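**Student:** Just my_file-v4.txt, nothing more (compact mmCIF, C-alpha atoms and all ligand atoms):
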# COMPACT_ATOMS: atom_id res chain seq x y z
CA MET A 193 -29.62 1.89 -13.50
CA THR A 194 -26.71 -0.60 -13.69
CA ALA A 195 -27.09 -4.28 -12.71
CA GLY A 196 -25.01 -3.57 -9.58
CA SER A 197 -27.11 -0.65 -8.39
CA ALA A 198 -30.33 -2.59 -9.19
CA ARG A 199 -29.05 -5.42 -6.97
CA GLN A 200 -28.24 -2.89 -4.23
CA ALA A 201 -31.74 -1.39 -4.48
CA ILE A 202 -33.40 -4.83 -4.23
CA LYS A 203 -31.18 -5.70 -1.24
CA ALA A 204 -32.11 -2.45 0.53
CA ALA A 205 -35.83 -2.93 -0.14
CA TRP A 206 -35.66 -6.51 1.15
CA ARG A 207 -33.84 -5.35 4.28
CA SER A 208 -36.35 -2.62 5.01
CA ALA A 209 -39.28 -5.04 4.49
CA ARG A 210 -37.68 -7.52 6.93
CA MET A 211 -37.15 -4.72 9.40
CA ARG A 212 -40.74 -3.50 9.12
CA VAL A 213 -42.19 -6.97 9.60
CA GLY A 214 -39.63 -8.65 11.87
CA GLY A 215 -37.79 -5.82 13.65
CA ALA A 216 -34.07 -5.55 14.41
CA ALA A 217 -31.54 -5.82 17.24
CA ALA A 218 -28.25 -4.07 17.96
CA VAL A 219 -25.23 -5.96 19.29
CA LEU A 220 -22.61 -3.74 20.92
CA ILE A 221 -18.92 -4.61 21.06
CA TYR A 222 -16.55 -3.66 23.87
CA HIS A 223 -13.10 -5.00 24.73
CA ARG A 224 -11.85 -3.39 27.92
CA ILE A 225 -13.51 -1.40 30.68
CA SER A 226 -10.53 0.39 32.14
CA SER A 227 -8.94 3.84 32.29
CA MET A 228 -5.73 3.54 30.29
CA GLU A 229 -2.91 6.00 29.79
CA SER A 230 -1.87 4.32 26.55
CA ASP A 231 -4.44 2.61 24.34
CA PRO A 232 -3.14 2.57 20.75
CA GLU A 233 -5.86 0.20 19.49
CA LEU A 234 -8.67 2.13 21.25
CA LEU A 235 -9.82 -0.98 23.10
CA ALA A 236 -10.67 0.63 26.42
CA LEU A 237 -13.59 2.61 27.76
CA SER A 238 -13.49 4.16 31.23
CA PRO A 239 -15.72 2.51 33.88
CA GLU A 240 -17.45 5.89 34.40
CA ARG A 241 -18.41 6.24 30.73
CA PHE A 242 -19.43 2.56 30.52
CA ASP A 243 -21.64 3.02 33.59
CA GLU A 244 -23.40 5.97 31.93
CA GLN A 245 -23.91 4.00 28.71
CA VAL A 246 -25.30 0.94 30.53
CA ALA A 247 -27.60 3.14 32.63
CA ALA A 248 -29.11 4.58 29.42
CA LEU A 249 -29.39 1.13 27.82
CA SER A 250 -31.09 -0.38 30.89
CA ARG A 251 -33.61 2.49 30.94
CA ASP A 252 -34.72 2.55 27.31
CA PHE A 253 -33.78 -0.82 25.77
CA ASN A 254 -34.48 -4.54 26.05
CA VAL A 255 -30.97 -5.81 26.92
CA VAL A 256 -30.43 -9.55 26.31
CA PRO A 257 -27.39 -11.89 26.04
CA VAL A 258 -26.21 -12.24 22.42
CA GLY A 259 -27.27 -15.92 22.44
CA GLU A 260 -30.84 -14.65 22.72
CA VAL A 261 -30.31 -12.43 19.63
CA PHE A 262 -29.22 -15.55 17.70
CA ARG A 263 -32.40 -17.36 18.80
CA LEU A 264 -34.57 -14.35 17.88
CA LEU A 265 -32.99 -14.24 14.41
CA ASN A 266 -33.83 -17.89 13.95
CA ARG A 267 -37.56 -17.88 14.75
CA PRO A 268 -40.61 -16.61 12.86
CA GLY A 269 -41.86 -13.96 15.35
CA ARG A 270 -40.95 -10.28 15.63
CA ILE A 271 -37.79 -9.26 17.51
CA PRO A 272 -38.91 -7.36 20.64
CA LYS A 273 -38.68 -3.58 20.30
CA ARG A 274 -35.24 -2.02 20.94
CA THR A 275 -33.43 -5.27 21.63
CA VAL A 276 -29.73 -4.74 22.41
CA ALA A 277 -26.91 -7.11 23.46
CA ILE A 278 -23.67 -6.08 25.18
CA THR A 279 -20.57 -8.12 24.29
CA PHE A 280 -16.94 -8.08 25.40
CA ASP A 281 -14.19 -9.71 23.32
CA ASP A 282 -10.88 -11.24 24.46
CA GLY A 283 -11.43 -12.02 28.18
CA TYR A 284 -9.38 -9.30 29.87
CA ALA A 285 -9.57 -9.48 33.68
CA ASP A 286 -11.39 -6.13 33.75
CA ALA A 287 -14.44 -7.83 32.20
CA LEU A 288 -14.97 -9.47 35.59
CA HIS A 289 -13.64 -6.75 37.86
CA SER A 290 -14.93 -3.59 36.14
CA ALA A 291 -17.65 -4.46 33.64
CA VAL A 292 -19.63 -7.10 35.55
CA PRO A 293 -20.25 -4.95 38.67
CA ILE A 294 -21.66 -2.24 36.37
CA LEU A 295 -23.93 -4.74 34.59
CA HIS A 296 -25.09 -5.99 38.02
CA ALA A 297 -25.78 -2.46 39.25
CA HIS A 298 -28.12 -1.88 36.30
CA GLY A 299 -29.52 -5.42 36.21
CA VAL A 300 -28.58 -6.16 32.59
CA PRO A 301 -26.84 -9.19 31.04
CA GLY A 302 -23.65 -9.31 28.97
CA THR A 303 -21.69 -11.82 26.89
CA VAL A 304 -17.92 -12.36 27.31
CA PHE A 305 -16.05 -14.02 24.42
CA LEU A 306 -12.97 -15.91 25.63
CA SER A 307 -9.85 -17.16 23.87
CA SER A 308 -9.07 -20.27 25.91
CA GLY A 309 -5.31 -19.98 25.26
CA ALA A 310 -5.27 -16.63 27.09
CA ILE A 311 -6.83 -18.06 30.27
CA ASP A 312 -4.12 -18.42 32.94
CA SER A 313 -1.59 -17.20 30.37
CA PRO A 314 1.54 -15.62 31.86
CA ASP A 315 1.79 -13.43 28.73
CA GLU A 316 -0.14 -10.44 27.53
CA TYR A 317 -1.88 -10.55 24.14
CA TRP A 318 0.56 -9.99 21.27
CA TRP A 319 -0.75 -6.47 20.51
CA ASP A 320 -0.16 -5.44 24.13
CA GLN A 321 3.34 -6.94 23.98
CA LEU A 322 4.01 -4.92 20.80
CA GLU A 323 2.90 -1.77 22.61
CA GLN A 324 5.47 -2.45 25.37
CA LEU A 325 8.17 -3.27 22.86
CA CYS A 326 7.67 -0.29 20.54
CA PHE A 327 6.85 2.45 23.03
CA ALA A 328 9.28 1.79 25.90
CA PRO A 329 11.99 4.49 25.94
CA GLY A 330 15.47 3.19 25.08
CA LYS A 331 17.33 1.76 22.13
CA LEU A 332 16.18 -0.82 19.58
CA PRO A 333 18.27 -2.27 16.71
CA SER A 334 18.32 0.15 13.76
CA THR A 335 16.77 -2.55 11.54
CA ILE A 336 14.13 -5.00 12.78
CA THR A 337 13.99 -8.21 10.77
CA ILE A 338 11.88 -11.29 11.47
CA ASP A 339 11.89 -14.42 9.33
CA THR A 340 9.03 -16.83 10.07
CA GLY A 341 10.20 -19.31 7.45
CA ALA A 342 7.20 -18.44 5.29
CA ARG A 343 7.33 -14.63 5.52
CA ILE A 344 9.93 -11.95 6.19
CA PHE A 345 9.37 -8.67 8.02
CA SER A 346 11.96 -5.91 7.79
CA HIS A 347 11.74 -2.34 9.00
CA ALA A 348 14.48 0.29 9.30
CA LEU A 349 14.20 2.51 12.37
CA GLU A 350 17.38 4.47 11.66
CA THR A 351 17.39 7.63 13.78
CA ASP A 352 14.25 6.52 15.63
CA ALA A 353 16.08 3.48 17.06
CA THR A 354 16.63 5.60 20.18
CA TYR A 355 13.43 6.74 21.86
CA ALA A 356 13.81 9.40 24.55
CA PRO A 357 11.69 9.23 27.74
CA GLU A 358 10.24 12.70 26.99
CA ALA A 359 9.09 11.54 23.53
CA ALA A 360 7.55 8.38 25.03
CA THR A 361 5.59 10.51 27.52
CA ARG A 362 4.58 13.02 24.86
CA HIS A 363 3.21 10.30 22.56
CA ALA A 364 1.67 8.08 25.30
CA SER A 365 -1.89 8.88 24.27
CA TRP A 366 -1.31 8.21 20.55
CA ASN A 367 -3.75 5.81 18.84
CA VAL A 368 -3.90 4.15 15.43
CA THR A 369 -6.48 6.59 14.02
CA GLN A 370 -3.92 9.42 14.30
CA PRO A 371 -0.86 10.07 12.10
CA ALA A 372 2.28 8.41 13.49
CA PRO A 373 4.29 11.09 15.36
CA SER A 374 7.60 9.13 15.26
CA GLY A 375 9.33 6.08 13.85
CA ARG A 376 8.27 4.05 16.89
CA GLN A 377 4.57 4.44 16.02
CA ARG A 378 5.37 3.58 12.38
CA LEU A 379 7.16 0.45 13.61
CA TYR A 380 4.15 -0.47 15.77
CA LEU A 381 1.74 -0.08 12.84
CA GLU A 382 3.87 -2.21 10.53
CA LEU A 383 4.57 -4.90 13.12
CA ALA A 384 0.88 -5.06 14.13
CA SER A 385 -0.22 -5.47 10.55
CA PHE A 386 2.45 -8.19 10.00
CA MET A 387 1.61 -10.13 13.19
CA ARG A 388 -2.13 -9.88 12.65
CA GLN A 389 -2.04 -11.86 9.39
CA LEU A 390 0.09 -14.72 10.77
CA PRO A 391 -1.40 -18.09 11.71
CA PRO A 392 -0.64 -18.89 15.40
CA ALA A 393 2.08 -21.41 14.48
CA GLU A 394 4.08 -18.57 12.87
CA ARG A 395 3.03 -15.74 15.18
CA ASN A 396 4.30 -17.19 18.44
CA PRO A 397 7.84 -17.93 17.15
CA ALA A 398 7.83 -14.51 15.40
CA MET A 399 7.21 -12.84 18.76
CA VAL A 400 9.98 -14.91 20.39
CA SER A 401 12.51 -13.92 17.71
CA LEU A 402 11.40 -10.27 17.95
CA LEU A 403 12.08 -10.31 21.69
CA GLU A 404 15.45 -12.00 21.20
CA LEU A 405 16.45 -9.50 18.53
CA THR A 406 15.44 -6.42 20.50
CA GLY A 407 16.46 -7.69 23.94
CA VAL A 408 13.30 -6.16 25.38
CA ALA A 409 12.16 -7.85 28.60
CA LEU A 410 8.37 -7.81 28.73
CA SER A 411 6.37 -7.68 31.90
CA THR A 412 2.80 -8.82 32.41
CA ARG A 413 1.14 -5.66 33.59
CA PRO A 414 -1.70 -6.20 36.11
CA SER A 415 -3.71 -3.71 34.02
CA HIS A 416 -3.30 -5.87 30.91
CA ARG A 417 -3.72 -9.37 32.27
CA THR A 418 -6.32 -11.81 31.02
CA LEU A 419 -8.72 -13.83 33.16
CA ASP A 420 -7.47 -16.88 35.06
CA ALA A 421 -9.37 -20.17 35.33
CA ALA A 422 -10.88 -19.36 38.75
CA GLU A 423 -12.18 -16.04 37.43
CA VAL A 424 -13.69 -17.72 34.37
CA ALA A 425 -15.41 -20.22 36.69
CA LEU A 426 -16.81 -17.27 38.67
CA LEU A 427 -18.12 -15.67 35.48
CA SER A 428 -19.70 -18.96 34.40
CA ARG A 429 -21.77 -19.04 37.60
CA ASP A 430 -22.98 -15.45 37.18
CA PRO A 431 -26.62 -15.42 36.05
CA PHE A 432 -26.06 -12.12 34.21
CA ILE A 433 -23.16 -13.43 32.13
CA GLU A 434 -23.11 -15.59 29.04
CA LEU A 435 -19.71 -16.93 27.93
CA GLY A 436 -18.76 -17.52 24.30
CA GLY A 437 -15.82 -18.81 22.23
CA HIS A 438 -13.19 -16.71 20.44
CA THR A 439 -10.69 -19.47 19.32
CA ILE A 440 -7.72 -20.77 21.32
CA ASP A 441 -5.08 -18.31 20.09
CA HIS A 442 -7.14 -15.36 18.88
CA ALA A 443 -6.43 -16.71 15.42
CA VAL A 444 -7.22 -14.95 12.16
CA LEU A 445 -9.17 -17.92 10.85
CA SER A 446 -8.80 -17.01 7.17
CA ALA A 447 -5.01 -17.37 7.60
CA CYS A 448 -5.33 -20.94 8.96
CA SER A 449 -5.64 -24.30 7.21
CA THR A 450 -8.98 -26.10 7.60
CA GLU A 451 -7.39 -28.45 10.14
CA GLU A 452 -6.01 -25.53 12.16
CA GLN A 453 -9.37 -23.73 12.01
CA ARG A 454 -11.14 -26.83 13.31
CA HIS A 455 -8.62 -27.05 16.18
CA GLN A 456 -8.99 -23.34 16.99
CA ILE A 457 -12.81 -23.47 16.98
CA HIS A 458 -13.60 -26.97 18.22
CA ASP A 459 -10.91 -27.46 20.88
CA ASP A 460 -11.49 -23.94 22.22
CA LYS A 461 -15.18 -24.75 22.71
CA LEU A 462 -14.32 -28.04 24.41
CA ARG A 463 -11.80 -26.44 26.80
CA LEU A 464 -14.14 -23.59 27.71
CA GLU A 465 -17.07 -25.93 28.29
CA GLN A 466 -14.94 -28.10 30.58
CA LEU A 467 -13.83 -25.05 32.50
CA CYS A 468 -17.32 -23.60 32.79
CA GLY A 469 -19.33 -26.79 33.14
CA CYS A 470 -21.87 -25.39 30.69
CA ARG A 471 -22.63 -25.50 26.97
CA LEU A 472 -21.47 -22.55 24.85
CA ALA A 473 -23.89 -21.23 22.22
CA SER A 474 -22.14 -18.08 21.01
CA PHE A 475 -18.93 -17.37 19.09
CA SER A 476 -17.13 -14.27 17.86
CA TYR A 477 -14.58 -14.31 15.03
CA PRO A 478 -11.20 -12.88 16.19
CA HIS A 479 -10.64 -9.42 14.64
CA GLY A 480 -14.04 -10.05 13.04
CA GLY A 481 -13.70 -8.36 9.63
CA PHE A 482 -15.03 -10.19 6.57
CA ASP A 483 -11.39 -10.81 5.53
CA ASP A 484 -10.59 -12.40 8.89
CA PHE A 485 -12.75 -15.50 8.43
CA SER A 486 -13.98 -17.56 5.49
CA THR A 487 -17.07 -19.55 4.49
CA GLU A 488 -15.09 -22.54 5.78
CA SER A 489 -14.84 -20.85 9.20
CA VAL A 490 -18.60 -20.25 9.23
CA ARG A 491 -19.24 -23.91 8.33
CA LEU A 492 -16.96 -25.11 11.14
CA VAL A 493 -18.50 -22.75 13.72
CA ARG A 494 -21.94 -24.09 12.79
CA GLU A 495 -20.72 -27.70 12.71
CA VAL A 496 -19.30 -27.66 16.26
CA GLY A 497 -22.70 -26.62 17.60
CA TYR A 498 -22.58 -22.85 18.03
CA GLU A 499 -25.97 -21.19 17.49
CA GLY A 500 -24.56 -17.98 16.06
CA ALA A 501 -21.43 -15.87 15.61
CA CYS A 502 -20.52 -12.18 15.69
CA THR A 503 -18.39 -10.18 13.28
CA THR A 504 -17.12 -6.61 13.68
CA ASP A 505 -19.07 -5.35 10.65
CA SER A 506 -20.65 -2.12 11.90
CA ASP A 507 -24.43 -2.49 11.56
CA ILE A 508 -27.58 -3.60 13.35
CA CYS A 509 -28.98 -7.08 12.68
CA VAL A 510 -32.30 -7.26 10.92
CA ALA A 511 -34.85 -10.08 11.43
CA TRP A 512 -34.02 -13.35 9.62
CA GLY A 513 -30.47 -12.15 8.97
CA ASP A 514 -27.52 -14.57 8.92
CA ARG A 515 -27.00 -15.51 12.57
CA PHE A 516 -23.45 -16.71 11.77
CA ARG A 517 -22.48 -13.24 10.52
CA VAL A 518 -24.09 -10.97 13.10
CA PRO A 519 -22.76 -7.39 12.86
CA ARG A 520 -21.83 -5.37 15.93
CA TYR A 521 -21.70 -1.67 16.68
CA LEU A 522 -18.65 -0.23 18.47
CA PRO A 523 -19.84 2.57 20.80
CA ARG A 524 -16.32 3.60 21.90
CA ASP A 525 -16.35 6.72 24.09
CA MET A 526 -19.79 7.96 22.94
CA GLY A 527 -21.84 9.95 25.42
CA ALA A 528 -24.69 7.88 26.89
CA GLU A 529 -27.46 10.08 25.48
CA ASP A 530 -25.86 10.12 22.02
CA LEU A 531 -25.54 6.33 22.08
CA ALA A 532 -29.16 5.85 23.18
CA ALA A 533 -30.41 8.28 20.51
CA ARG A 534 -28.26 6.63 17.81
CA LEU A 535 -29.54 3.14 18.67
CA ALA A 536 -33.17 4.25 19.04
CA ARG A 537 -33.13 5.91 15.61
CA TRP A 538 -31.43 2.89 14.05
CA LEU A 539 -33.73 0.30 15.62
CA ASP A 540 -36.99 2.27 15.37
CA GLU A 541 -36.53 3.86 11.95
CA GLY A 542 -33.71 1.86 10.32
CA ARG A 543 -31.36 4.83 9.89
ZN ZN A 601 -10.72 -10.44 19.93
Give the structure from this file in structure tokens form.

**Tutor:**
Amino acid sequence: MTAGSARQAIKAAWRSARMRVGGAAAVLIYHRISSMESDPELLALSPERFDEQVAALSRDFNVVPVGEVFRLLNRPGRIPKRTVAITFDDGYADALHSAVPILHAHGVPGTVFLSSGAIDSPDEYWWDQLEQLCFAPGKLPSTITIDTGARIFSHALETDATYAPEAATRHASWNVTQPAPSGRQRLYLELASFMRQLPPAERNPAMVSLLELTGVALSTRPSHRTLDAAEVALLSRDPFIELGGHTIDHAVLSACSTEEQRHQIHDDKLRLEQLCGCRLASFSYPHGGFDDFSTESVRLVREVGYEGACTTDSDICVAWGDRFRVPRYLPRDMGAEDLAARLARWLDEGR
């Protein structure tokens, strides 16, 4: 046995001992509850499927707000059997209009993570703007170049500069897990990966120059709008809903300076607490992969008074785990019975 595999074996044994003695909880991650014709990032789940999933969860599981999972991870006792939390990232308006009525109907709580900069914003999130820009039929420049001052993006569309309406319709249901059927999907993938790594101070001007270069006029689609301040206030008064922070600009924290990270985490919390008139305990790292935040981010999240934070690492959380790196499971379009069986096996037997 190598030193690495010995370490792995010790880690696994320690995890299974913690699970046996202290139990485990599953935190689920959703973004949008909406039926969408085009959903390249696979962010949406239909209200019908979500309703089935929540019905199964309310029947067989102990559903709590994620803030309660953080508290359970931080105390000596056993986590109650089959504890599950339902979370929504990004603060799309459908969290209030589609998801909350379903949570109410089944009497279970949920947590909505908000980026304060998106509240009352006239613009869609940058990934939704990219979808409009790349997939609208018409003509784009044959080469797309953006210079942020610190980084340059360049992509040649060549013959795919012109996108016919029939092609746009044919590829409307394409998503990022599938091979790109045309140059427009390749452009989307490259632009998304470029924009994702930019700190907000570079990303916003990059989007402006992209729009100037392409001449594309974006609309704010009712189906893609984010919550406004009055809607956030409504959510904050809902006894089934916990609100949490998600930075001001949906920033990839690992791409930001310490000062910028503090601003994104601290000022976001302050703005949201003023808007809601309540104290926020829960945070989720934008994009949420281990490369998307740093130990500095974790320190700042803890320092501003959050009690825990969620990642997008796909796992359950085992008793006495790190409550500032809580993994979440993405159910996507899973059938309700499959989801319930998956979670029951995971939480009851650890597999
Ligand atoms: Zn997010």

**Student:** Can you pull out every residue with an atom within 9 Å of ligand ZN 601 (chain A)? Use only C-alpha atoms and all ligand atoms and format it as a PDB file with C-alpha atoms, in the coordinates of the input.

**Tutor:**
ATOM      1  CA  HIS A 223     -13.100  -5.000  24.730  1.00  0.00           C
ATOM      2  CA  PHE A 280     -16.940  -8.080  25.400  1.00  0.00           C
ATOM      3  CA  ASP A 281     -14.190  -9.710  23.320  1.00  0.00           C
ATOM      4  CA  ASP A 282     -10.880 -11.240  24.460  1.00  0.00           C
ATOM      5  CA  GLY A 283     -11.430 -12.020  28.180  1.00  0.00           C
ATOM      6  CA  PHE A 305     -16.050 -14.020  24.420  1.00  0.00           C
ATOM      7  CA  LEU A 306     -12.970 -15.910  25.630  1.00  0.00           C
ATOM      8  CA  SER A 307      -9.850 -17.160  23.870  1.00  0.00           C
ATOM      9  CA  HIS A 438     -13.190 -16.710  20.440  1.00  0.00           C
ATOM     10  CA  HIS A 442      -7.140 -15.360  18.880  1.00  0.00           C
ATOM     11  CA  ALA A 443      -6.430 -16.710  15.420  1.00  0.00           C
ATOM     12  CA  SER A 476     -17.130 -14.270  17.860  1.00  0.00           C
ATOM     13  CA  TYR A 477     -14.580 -14.310  15.030  1.00  0.00           C
ATOM     14  CA  PRO A 478     -11.200 -12.880  16.190  1.00  0.00           C
ATOM     15  CA  HIS A 479     -10.640  -9.420  14.640  1.00  0.00           C
ATOM     16  CA  GLY A 480     -14.040 -10.050  13.040  1.00  0.00           C
TER      17      GLY A 480
END

**Student:** In terms of the shortest atom-to-atom distance over all atoms listed in the file, which of A:Trp366, A:Arg413, A:Val219, A:Pro268 is closest to Arg517 of chain A?

**Tutor:**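 Going through A:Trp366, A:Arg413, A:Val219, A:Pro268 one by one, the smallest distance to Arg517 of chain A is for A:Val219.
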
**Student:** Give me the residues near segment 312-319 of chain A as a VMD selection string, where near means some atom within 9 Å (using all atoms listed in the file) and where sequence neighbours in that chain fewer than 4 positions away do not count.

**Tutor:** chain A and resid 233 308 323 to 324 384 387 to 388 395 to 396 399 410 to 413 416 to 422 442

**Student:** Between A:Thr406, A:Thr351, A:Ser474, A:Ser197, single out the one closest to Leu325 of chain A, counting all atoms listed in the file.

**Tutor:**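 The closest residue to Leu325 of chain A is A:Thr406.
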
**Student:** Got a sec: who's within 9 Å of segment 326-336 of chain A, counting all atoms listed in the file, leaving out chain neighbours fewer than 3 positions off, as a PyMOL selection string?

**Tutor:** chain A and resi 321-323+345-361+363-364+376-377+379-380+402+405-408

**Student:** In Å, rounded to a single decimal, give me how far atom CA of Leu264 of chain A is from atom CA of Phe516 of chain A.

**Tutor:**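 It comes out at 12.9 Å.
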
**Student:** Have a look at atom CA of Ser415 of chain A and atom CA of Asn367 of chain A and let me know their distance in Å, one decimal.

**Tutor:** 17.9 Å

**Student:** Which residue, A:Thr504, A:Ala310, A:Ala201, A:Trp538, has the smallest gap to Asp460 of chain A when you use all atoms listed in the file?

**Tutor:** A:Ala310

**Student:** I'd like the contact shell of Tyr222 of chain A - 10 Å cut-off, all atoms listed in the file, skipping same-chain residues fewer than 3 positions apart - returned as an MDAnalysis selection string.

**Tutor:** chainID A and resid 225 235:237 242 278:282 287 291 304 520:524

**Student:** Hey, which of A:Glu495, A:Glu394, A:Asp320, A:Glu452 ends up closest to Asp231 of chain A? Count only C-alpha atoms.

**Tutor:**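 Residue with the minimum atom-to-atom distance to Asp231 of chain A: A:Asp320.
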
**Student:** Is it possible to get the residues within 10 Å of (-32.7, 1.5, 7.9) (coordinates as in the file, counting all atoms listed in the file) written as a PyMOL selection string?

**Tutor:** chain A and resi 204-205+207-209+211-212+216+507-508+510+537-543

**Student:** Check the smallest atom-to-atom distance from each of A:Ala277, A:Ile344, A:Leu464, A:Leu234 to Ile311 of chain A using all atoms listed in the file, then report the winner.

**Tutor:**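 Comparing A:Ala277, A:Ile344, A:Leu464, A:Leu234 against Ile311 of chain A, the winner is A:Leu464.
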
**Student:** Box time for segment 388-406 of chain A: axis-aligned, enclosing all its listed atoms, 8 Å extra on each side; report centre and edge lengths in Å to one decimal, as lines of an AutoDock Vina configuration file.

**Tutor:**
center_x = 7.2
center_y = -13.9
center_z = 15.5
size_x = 34.6
size_y = 31.0
size_z = 28.3

**Student:** Please provide as a PyMOL selection string all residues within 9 Å of Ala248 of chain A, with the sequence filter that same-chain residues fewer than 3 positions apart are discarded (counting all atoms listed in the file).

**Tutor:** chain A and resi 243-245+251-253+528-529+531-532

**Student:** Nearest residue to Arg270 of chain A out of A:Val213, A:Ala501, A:Leu467, A:Ala285, using all atoms listed in the file?

**Tutor:**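 With all atoms listed in the file as the atom set, the closest residue is A:Val213.
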
**Student:** (12.4, -16.7, 13.7) in this file's frame - what residues fall within 8 Å of it? Use all atoms listed in the file and give the answer as a PyMOL selection string.

**Tutor:** chain A and resi 338-341+397-398+400-402

**Student:** Next, dump the selected residues to file, keeping only C-alpha atoms, as a PDB file, keeping the file's coordinate frame.

**Tutor:**
ATOM      1  CA  ILE A 338      11.880 -11.290  11.470  1.00  0.00           C
ATOM      2  CA  ASP A 339      11.890 -14.420   9.330  1.00  0.00           C
ATOM      3  CA  THR A 340       9.030 -16.830  10.070  1.00  0.00           C
ATOM      4  CA  GLY A 341      10.200 -19.310   7.450  1.00  0.00           C
ATOM      5  CA  PRO A 397       7.840 -17.930  17.150  1.00  0.00           C
ATOM      6  CA  ALA A 398       7.830 -14.510  15.400  1.00  0.00           C
ATOM      7  CA  VAL A 400       9.980 -14.910  20.390  1.00  0.00           C
ATOM      8  CA  SER A 401      12.510 -13.920  17.710  1.00  0.00           C
ATOM      9  CA  LEU A 402      11.400 -10.270  17.950  1.00  0.00           C
TER      10      LEU A 402
END

**Student:** When you look at Leu295 of chain A with a cut-off of 10 Å (counting only C-alpha atoms), what residues show up, excluding the ones that are within fewer than 2 positions of it in the same chain? I need them as number ranges by chain.

**Tutor:** A: 242-243, 246-247, 250, 278, 290-293, 297-302, 432-433

**Student:** To one decimal place in Å, what is the distance between atom CA of Glu499 of chain A and atom CA of Val518 of chain A?

**Tutor:**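 According to the coordinates, atom CA of Glu499 of chain A and atom CA of Val518 of chain A are separated by 11.3 Å.
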